[in-house]
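Q: Below is the file structure.cif, with mmCIF, C-alpha atoms.
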data_final
loop_
_atom_site.label_atom_id
_atom_site.label_comp_id
_atom_site.auth_asym_id
_atom_site.auth_seq_id
_atom_site.Cartn_x
_atom_site.Cartn_y
_atom_site.Cartn_z
CA MET H 9 16.75 1.20 -34.56
CA ALA H 10 13.85 -1.00 -35.70
CA HIS H 11 13.99 -3.02 -32.47
CA CYS H 12 14.01 0.22 -30.46
CA GLY H 13 10.96 1.49 -32.34
CA HIS H 14 9.05 -1.76 -31.79
CA ALA H 15 9.88 -1.86 -28.08
CA ARG H 16 8.89 1.80 -27.64
CA PHE H 17 5.62 1.25 -29.57
CA VAL H 18 4.63 -1.72 -27.42
CA TRP H 19 5.57 0.14 -24.22
CA ASN H 20 3.44 3.15 -25.17
CA LEU H 21 0.48 0.90 -25.94
CA ALA H 22 0.76 -0.58 -22.46
CA VAL H 23 0.91 2.91 -20.94
CA GLU H 24 -2.22 3.89 -22.87
CA GLN H 25 -4.10 0.82 -21.63
CA HIS H 26 -3.31 1.59 -17.99
CA ALA H 27 -4.04 5.32 -18.45
CA HIS H 28 -7.54 4.45 -19.71
CA TRP H 29 -8.42 2.70 -16.46
CA GLN H 30 -10.82 4.44 -14.05
CA ARG H 31 -12.81 3.45 -11.01
CA GLY H 32 -15.71 1.23 -11.95
CA ARG H 33 -14.00 -0.21 -15.02
CA ARG H 34 -12.32 -3.55 -15.37
CA SER H 35 -8.70 -3.77 -14.33
CA ALA H 36 -6.05 -3.09 -16.94
CA PRO H 37 -4.66 -6.18 -18.71
CA ASN H 38 -1.73 -7.90 -17.05
CA TYR H 39 1.43 -9.20 -18.69
CA VAL H 40 -0.10 -12.50 -19.87
CA GLU H 41 -3.12 -10.79 -21.42
CA GLN H 42 -0.90 -8.20 -23.10
CA CYS H 43 1.24 -10.95 -24.63
CA ARG H 44 -1.89 -12.52 -26.08
CA GLN H 45 -2.93 -9.16 -27.52
CA LEU H 46 0.58 -8.72 -28.91
CA THR H 47 0.24 -11.97 -30.85
CA GLU H 48 -3.01 -10.74 -32.40
CA ALA H 49 -1.45 -7.38 -33.25
CA ARG H 50 1.52 -9.02 -34.94
CA ALA H 51 -0.84 -11.07 -37.11
CA GLU H 52 -2.54 -7.90 -38.35
CA CYS H 53 0.38 -5.45 -38.55
CA ALA H 54 3.22 -6.31 -40.94
CA TRP H 55 5.53 -3.64 -39.49
CA LEU H 56 5.24 -5.12 -36.00
CA ARG H 57 5.52 -8.68 -37.32
CA ALA H 58 8.85 -7.83 -38.98
CA GLY H 59 10.45 -7.30 -35.57
CA SER H 60 11.53 -9.75 -32.93
CA GLN H 61 8.68 -11.09 -30.81
CA ARG H 62 11.04 -11.69 -27.89
CA VAL H 63 12.15 -8.04 -27.86
CA GLN H 64 8.53 -6.88 -27.85
CA GLN H 65 7.56 -9.29 -25.07
CA GLN H 66 10.47 -8.09 -22.95
CA ALA H 67 9.19 -4.51 -23.34
CA LEU H 68 5.88 -5.68 -21.86
CA ARG H 69 7.69 -7.49 -19.06
CA ASP H 70 9.69 -4.34 -18.27
CA PHE H 71 6.43 -2.39 -18.12
CA ALA H 72 4.86 -4.95 -15.78
CA GLN H 73 7.88 -4.70 -13.49
CA ALA H 74 7.72 -0.90 -13.59
CA MET H 75 4.05 -0.96 -12.58
CA ALA H 76 4.80 -3.37 -9.72
CA GLN H 77 7.50 -1.00 -8.45
CA PHE H 78 5.07 1.91 -8.74
CA PHE H 79 2.46 0.13 -6.62
CA ARG H 80 5.15 -0.66 -4.05
CA ARG H 81 5.87 3.10 -3.98
CA THR H 82 9.54 2.66 -4.75
CA HIS H 83 9.47 4.25 -8.24
CA ARG H 84 7.42 6.72 -10.22
CA ARG H 85 4.59 5.74 -12.52
CA PRO H 86 5.77 4.62 -15.99
CA THR H 87 5.32 7.34 -18.60
CA TRP H 88 5.49 7.63 -22.36
CA ARG H 89 8.67 6.94 -24.25
CA LYS H 90 9.81 9.35 -26.93
CA ALA H 91 11.76 8.71 -30.12
CA GLY H 92 15.31 10.02 -29.95
CA ARG H 93 15.25 10.11 -26.16
CA ASP H 94 14.22 6.59 -25.03
CA GLU H 95 15.98 4.26 -27.42
CA GLY H 96 16.75 0.71 -26.34
CA PHE H 97 15.59 -2.87 -26.02
CA ARG H 98 16.34 -5.99 -23.98
CA GLN H 99 17.24 -9.46 -25.22
CA VAL H 100 17.00 -12.62 -23.12
CA ALA H 101 17.85 -16.31 -23.57
CA VAL H 102 21.42 -15.45 -24.52
CA ARG H 103 23.64 -18.49 -25.05
CA PRO H 104 27.44 -18.52 -24.61
CA GLU H 105 28.03 -18.65 -28.36
CA HIS H 106 26.05 -15.39 -28.80
CA VAL H 107 28.87 -13.34 -27.24
CA ARG H 108 32.34 -13.66 -28.73
CA THR H 109 35.66 -11.97 -28.15
CA LEU H 110 37.50 -10.79 -31.26
CA ASN H 111 40.56 -9.30 -29.59
CA ARG H 112 41.59 -7.51 -26.44
CA ARG H 113 39.49 -4.42 -27.19
CA THR H 114 36.55 -5.50 -29.32
CA GLY H 115 33.91 -8.19 -29.28
CA ARG H 116 30.63 -8.96 -30.99
CA VAL H 117 27.16 -9.97 -29.92
CA TRP H 118 24.34 -11.65 -31.82
CA VAL H 119 21.18 -9.54 -32.19
CA PRO H 120 18.05 -11.31 -33.52
CA LYS H 121 17.09 -10.32 -37.08
CA VAL H 122 20.15 -8.04 -37.22
CA GLY H 123 23.15 -10.33 -37.02
CA TRP H 124 26.53 -9.84 -35.42
CA VAL H 125 27.19 -6.38 -33.96
CA ARG H 126 30.65 -5.32 -32.89
CA PHE H 127 31.30 -3.37 -29.71
CA ARG H 128 34.25 -2.20 -27.63
CA TRP H 129 35.00 -3.91 -24.33
CA SER H 130 34.92 -1.61 -21.31
CA ARG H 131 35.23 -4.42 -18.77
CA ALA H 132 35.35 -8.17 -18.64
CA VAL H 133 32.02 -10.03 -18.64
CA ALA H 134 31.62 -13.00 -16.34
CA ALA H 135 30.47 -16.35 -17.65
CA GLY H 136 26.82 -17.30 -17.54
CA VAL H 137 25.32 -14.17 -19.14
CA LYS H 138 21.60 -14.72 -19.79
CA SER H 139 20.47 -11.33 -21.10
CA TYR H 140 21.70 -7.96 -22.31
CA ARG H 141 20.24 -4.52 -22.94
CA VAL H 142 21.09 -2.22 -25.85
CA THR H 143 20.55 1.53 -25.31
CA ARG H 144 21.31 4.75 -27.14
CA ASP H 145 21.84 8.03 -25.32
CA ARG H 146 21.01 11.51 -26.57
CA MET H 147 24.46 12.17 -27.95
CA GLY H 148 24.20 9.11 -30.21
CA ARG H 149 26.36 6.64 -28.28
CA TRP H 150 25.24 3.01 -28.30
CA HIS H 151 25.80 0.86 -25.20
CA VAL H 152 25.33 -2.84 -24.55
CA ALA H 153 24.99 -3.93 -20.91
CA PHE H 154 25.14 -7.60 -19.96
CA ALA H 155 23.11 -8.63 -16.92
CA VAL H 156 25.53 -10.18 -14.43
CA ILE H 157 25.25 -10.34 -10.65
CA PRO H 158 28.58 -8.90 -9.43
CA GLU H 159 30.55 -10.45 -6.64
CA PRO H 160 30.13 -8.62 -3.33
CA ILE H 161 33.02 -6.45 -2.19
CA PRO H 162 34.47 -8.00 0.97
CA GLY H 163 34.51 -5.76 4.02
CA PRO H 164 37.76 -4.70 5.65
CA GLY H 165 36.89 -6.52 8.88
CA ASN H 166 37.98 -3.62 11.09
CA GLY H 167 34.57 -3.17 12.74
CA GLN H 168 34.34 0.53 11.80
CA ILE H 169 30.93 2.16 11.32
CA VAL H 170 30.17 5.28 9.31
CA GLY H 171 27.04 7.33 8.69
CA VAL H 172 26.37 9.16 5.43
CA ASP H 173 24.16 12.23 5.32
CA ARG H 174 23.26 13.43 1.83
CA GLY H 175 22.61 17.06 1.04
CA VAL H 176 22.41 19.68 -1.69
CA VAL H 177 25.34 22.03 -1.00
CA VAL H 178 27.49 19.17 0.29
CA SER H 179 26.77 15.98 -1.63
CA ALA H 180 27.67 13.66 1.25
CA ALA H 181 28.85 14.32 4.79
CA LEU H 182 30.35 11.43 6.75
CA SER H 183 30.18 10.99 10.48
CA THR H 184 33.98 11.00 10.44
CA GLY H 185 33.89 14.68 9.46
CA GLU H 186 34.66 14.25 5.78
CA LEU H 187 32.70 16.37 3.29
CA LEU H 188 32.36 14.84 -0.18
CA SER H 189 31.25 17.01 -3.09
CA CYS H 190 30.10 15.81 -6.47
CA PRO H 191 32.02 17.24 -9.47
CA GLN H 192 30.43 20.41 -10.82
CA PRO H 193 30.40 21.66 -14.43
CA ARG H 194 33.54 23.52 -15.37
CA ALA H 195 33.52 27.24 -16.13
CA GLY H 196 34.25 26.70 -19.82
CA GLU H 197 31.48 24.13 -20.10
CA GLN H 198 28.98 26.48 -18.49
CA ARG H 199 29.87 29.28 -20.90
CA ARG H 200 29.59 26.97 -23.90
CA LEU H 201 26.27 25.59 -22.63
CA ARG H 202 24.81 29.09 -22.26
CA ARG H 203 25.93 30.00 -25.78
CA LEU H 204 24.44 26.81 -27.23
CA GLN H 205 21.17 27.41 -25.42
CA ARG H 206 20.93 30.87 -26.95
CA LEU H 207 21.56 29.36 -30.38
CA LEU H 208 18.89 26.74 -29.72
CA ALA H 209 16.34 29.42 -28.83
CA ARG H 210 16.94 31.16 -32.20
CA ALA H 211 17.05 27.99 -34.33
CA GLN H 212 13.98 27.04 -36.32
CA ARG H 213 12.15 23.92 -35.23
CA GLY H 214 12.83 20.95 -37.47
CA SER H 215 15.93 22.47 -39.07
CA ASN H 216 19.31 20.78 -39.37
CA ARG H 217 20.90 23.60 -37.39
CA ARG H 218 18.59 22.94 -34.44
CA ARG H 219 19.42 19.24 -34.60
CA ARG H 220 23.17 19.95 -34.54
CA VAL H 221 22.83 22.36 -31.61
CA LYS H 222 20.76 19.84 -29.64
CA THR H 223 23.44 17.21 -30.28
CA ALA H 224 26.16 19.57 -29.05
CA ILE H 225 24.16 20.28 -25.87
CA ALA H 226 23.65 16.56 -25.37
CA VAL H 227 27.39 15.99 -25.61
CA LEU H 228 28.06 18.51 -22.82
CA THR H 229 25.34 17.19 -20.53
CA ALA H 230 26.39 13.59 -21.16
CA ARG H 231 29.96 14.41 -20.10
CA GLN H 232 28.69 15.96 -16.89
CA ALA H 233 26.43 12.98 -16.21
CA ASP H 234 29.30 10.54 -16.82
CA ARG H 235 31.48 12.54 -14.45
CA ARG H 236 28.85 12.42 -11.70
CA LYS H 237 28.21 8.71 -12.20
CA ASP H 238 31.94 7.97 -12.06
CA TRP H 239 32.18 9.91 -8.79
CA VAL H 240 29.25 8.00 -7.27
CA GLU H 241 30.70 4.62 -8.24
CA LYS H 242 34.17 5.41 -6.91
CA THR H 243 32.84 6.95 -3.68
CA SER H 244 30.51 4.05 -2.90
CA THR H 245 33.24 1.50 -3.63
CA SER H 246 35.68 3.38 -1.40
CA LEU H 247 33.19 3.43 1.48
CA ALA H 248 32.47 -0.28 1.09
CA ARG H 249 36.19 -1.06 1.32
CA ARG H 250 36.87 1.22 4.31
CA PHE H 251 33.95 0.44 6.64
CA ASP H 252 32.17 -2.68 7.80
CA LEU H 253 28.79 -1.01 8.38
CA ILE H 254 27.39 1.97 6.49
CA ARG H 255 24.21 3.71 7.60
CA VAL H 256 22.43 6.10 5.20
CA GLU H 257 19.50 8.35 6.00
CA ASP H 258 16.39 7.70 3.89
CA LEU H 259 16.32 11.26 2.59
CA LYS H 260 14.70 12.42 -0.64
CA ILE H 261 17.07 14.99 -2.15
CA ARG H 262 14.56 15.63 -4.92
CA TYR H 263 12.02 16.92 -2.42
CA MET H 264 14.63 19.17 -0.79
CA THR H 265 15.50 20.93 -4.03
CA ARG H 266 11.93 21.06 -5.30
CA SER H 267 10.57 22.73 -2.16
CA ALA H 268 13.40 25.30 -1.97
CA LYS H 269 11.35 28.06 -3.62
CA GLY H 270 10.48 31.48 -2.24
CA THR H 271 12.21 33.97 0.03
CA VAL H 272 12.47 34.53 3.75
CA ASP H 273 9.61 37.06 3.70
CA SER H 274 7.30 35.06 1.43
CA PRO H 275 8.27 31.39 1.61
CA GLY H 276 6.87 29.05 -0.97
CA ARG H 277 4.98 25.86 -0.46
CA TYR H 278 6.42 23.43 2.13
CA VAL H 279 9.22 25.88 2.99
CA ARG H 280 7.82 27.33 6.22
CA GLN H 281 7.43 23.92 7.81
CA LYS H 282 11.10 23.18 7.07
CA ALA H 283 12.32 26.40 8.72
CA GLY H 284 12.26 24.98 12.25
CA PHE H 285 13.49 21.75 13.71
CA GLU H 286 12.46 18.46 12.25
CA PRO H 287 10.79 15.96 14.62
CA VAL H 288 13.36 14.10 16.64
CA ASP H 289 13.22 10.34 16.78
CA PRO H 290 13.73 8.55 20.12
CA GLY H 291 17.41 8.12 20.87
CA ARG H 292 18.48 10.88 18.47
CA ARG H 293 20.85 13.47 19.92
CA LEU H 294 21.38 17.03 18.71
CA GLY H 295 24.24 19.43 19.11
CA ILE H 296 24.17 23.18 19.81
CA VAL H 297 22.69 25.10 16.90
CA GLY H 298 24.35 28.32 15.83
CA CYS H 299 24.95 30.35 12.72
CA SER H 300 28.23 30.08 10.92
CA PRO H 301 30.32 33.21 11.62
CA GLY H 302 30.85 33.85 7.93
CA THR H 303 27.11 34.11 7.25
CA GLN H 304 26.08 36.67 9.88
CA GLY H 305 24.85 40.00 8.51
CA SER H 306 24.02 38.65 5.06
CA ARG H 307 22.87 40.79 2.15
CA SER H 308 19.27 39.62 2.40
CA GLY H 309 18.95 41.13 5.84
CA GLY H 310 19.14 37.84 7.70
CA GLU H 311 19.69 38.09 11.42
CA GLY H 312 22.09 35.21 11.56
CA ARG H 313 19.43 32.66 12.43
CA SER H 314 20.25 29.13 11.44
CA ARG H 315 18.37 26.23 9.94
CA VAL H 316 19.44 22.82 11.07
CA HIS H 317 19.43 19.76 8.88
CA GLN H 318 19.78 16.85 11.21
CA SER H 319 20.14 13.13 10.98
CA ALA H 320 20.98 10.34 13.36
CA LEU H 321 24.65 10.86 12.63
CA LEU H 322 25.54 14.52 12.32
CA VAL H 323 24.24 18.08 12.27
CA VAL H 324 25.03 20.52 9.48
CA TRP H 325 24.69 24.26 10.13
CA ALA H 326 23.60 26.57 7.31
CA CYS H 327 22.34 30.13 7.27
CA ARG H 328 18.63 30.68 6.66
CA CYS H 329 19.35 33.54 4.28
CA GLY H 330 19.48 31.03 1.44
CA GLN H 331 23.01 31.79 0.24
CA SER H 332 25.14 28.91 -0.89
CA GLN H 333 27.59 27.73 1.70
CA GLU H 334 31.17 26.92 0.87
CA PRO H 335 32.74 23.93 2.62
CA SER H 336 34.49 26.39 4.95
CA GLY H 337 31.10 27.80 6.01
CA VAL H 338 29.62 24.45 7.00
CA ARG H 339 30.43 23.01 10.40
CA VAL H 340 29.87 19.35 11.18
CA ARG H 341 29.69 17.95 14.69
CA ARG H 342 30.13 14.22 15.19
CA LEU H 343 27.51 12.70 17.43
CA PRO H 344 27.45 9.34 19.22
CA LEU H 345 26.16 6.60 16.94
CA HIS H 346 24.02 3.88 18.46
CA VAL H 347 23.83 0.80 16.27
CA SER H 348 21.28 -1.90 16.92
CA ARG H 349 22.35 -5.23 15.55
#
Would you mind writing the file's structure down as structure tokens?

A:
Amino acid sequence: MAHCGHARFVWNLAVEQHAHWQRGRRSAPNYVEQCRQLTEARAECAWLRAGSQRVQQQALRDFAQAMAQFFRRTHRRPTWRKAGRDEGFRQVAVRPEHVRTLNRRTGRVWVPKVGWVRFRWSRAVAAGVKSYRVTRDRMGRWHVAFAVIPEPIPGPGNGQIVGVDRGVVVSAALSTGELLSCPQPRAGEQRRLRRLQRLLARAQRGSNRRRRVKTAIAVLTARQADRRKDWVEKTSTSLARRFDLIRVEDLKIRYMTRSAKGTVDSPGRYVRQKAGFEPVDPGRRLGIVGCSPGTQGSRSGGEGRSRVHQSALLVVWACRCGQSQEPSGVRVRRLPLHVSR
């Protein structure tokens, strides 16, 4: 935990330096300048000097990489890290003797200024590991991830092409007509989560009861997150083994769910402009748009008008009334796919 606190402290200092920058001032210090300042801070602060300098430098390098990704507009701007939520550090310059296998299920890794730490193997680690990252999730589980470039999955060689269209109601719709849905929370888990949230609202801040309730909520949400991640990994691996070429629309699902506020009579921000057709790119073909029969005459007084969500691969019909569509209420039409090699 001391390494996690040092890495989080150094990261937050870097965030503060970049947040202080304004137009007309000097540019914020880069990674080299921050490392020099870190050396001076370690000489003055005994608590910071007691930690590993390599762990603290890697926190600065991670921040520099995060800022570079932000300026490339591929990621969000780095924000503050909070104790109990963002726990972890990275270690580099790992030698082969720093990772040992004890038996078929357990191994141990050398952590600077800590010693040997045992862990349970979840998969085999390839030779030539140069770094690893230790993290702790909200439910208290510790994980160690070794940085290894995996071998690419060979294609089937059948020349098949598939298009993937991501959505909200249907997680992924393939141009072959398959509809893939991400696992949803179970009914019992939803009831337990609602009960725990009511207990959390009545618990006093800082009490042991509140801490136990937050841990129980974290256990439920972590199970759901693990289930979704497992589905994503298995689905992507299956697609890579079935098709030679996979085309995915550059669609921001986060913007779709964030802008879905308001009603038909008083739409919220950025909802009215999504009610009609999206601009069509050259060479893109559309099918006939119609409302699903099961959604006509909805409770909200909708007149059966439809909203189309289109891509270069398929068209998904959904009623504009805003009701959730079951897989039986969504019709997918396969369109010709033109691939430019």

Q: For atom CA of Ile161 of chain H and atom CA of Ser139 of chain H, quote the distance in Å rounded to one decimal.

A: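 Between these atoms lies a distance of 23.2 Å.
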
Q: At a cut-off of 6 Å, using all atoms listed in the file, what residues contact segment 164-180 of chain H? Leave out same-chain residues fewer than 2 positions from it and give the result as a list in words.

A: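 What passes the distance filter is Leu182, Ser183, Leu188, Ser189, Cys190, Arg249, Phe251, Asp252, Leu253, Ile254, Arg255, Val256 and Leu321 of chain H.
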
Q: Name the residues that the PyMOL selection byres ((chain H and resi 105) around 12) pulls out of this structure, and write them as a ChimeraX atom specification.

A: /H:101-104,106-109,116-118,124,135-138

Q: Any idea what's packed within 9 Å of Tyr39 of chain H, counting all atoms listed in the file, ignoring anything in its chain fewer than 6 positions away? Could you give it as a count of residues only?

A: 5

Q: To verify the selection step, state as a list in words which residues the PyMOL selection byres ((chain H and resi 134) around 10) yields on this input.

A: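 When the PyMOL selection byres ((chain H and resi 134) around 10) is applied, the selected residues are Arg131, Ala132, Val133, Ala135, Gly136, Val137, Phe154, Ala155, Val156, Ile157 and Pro158 of chain H.
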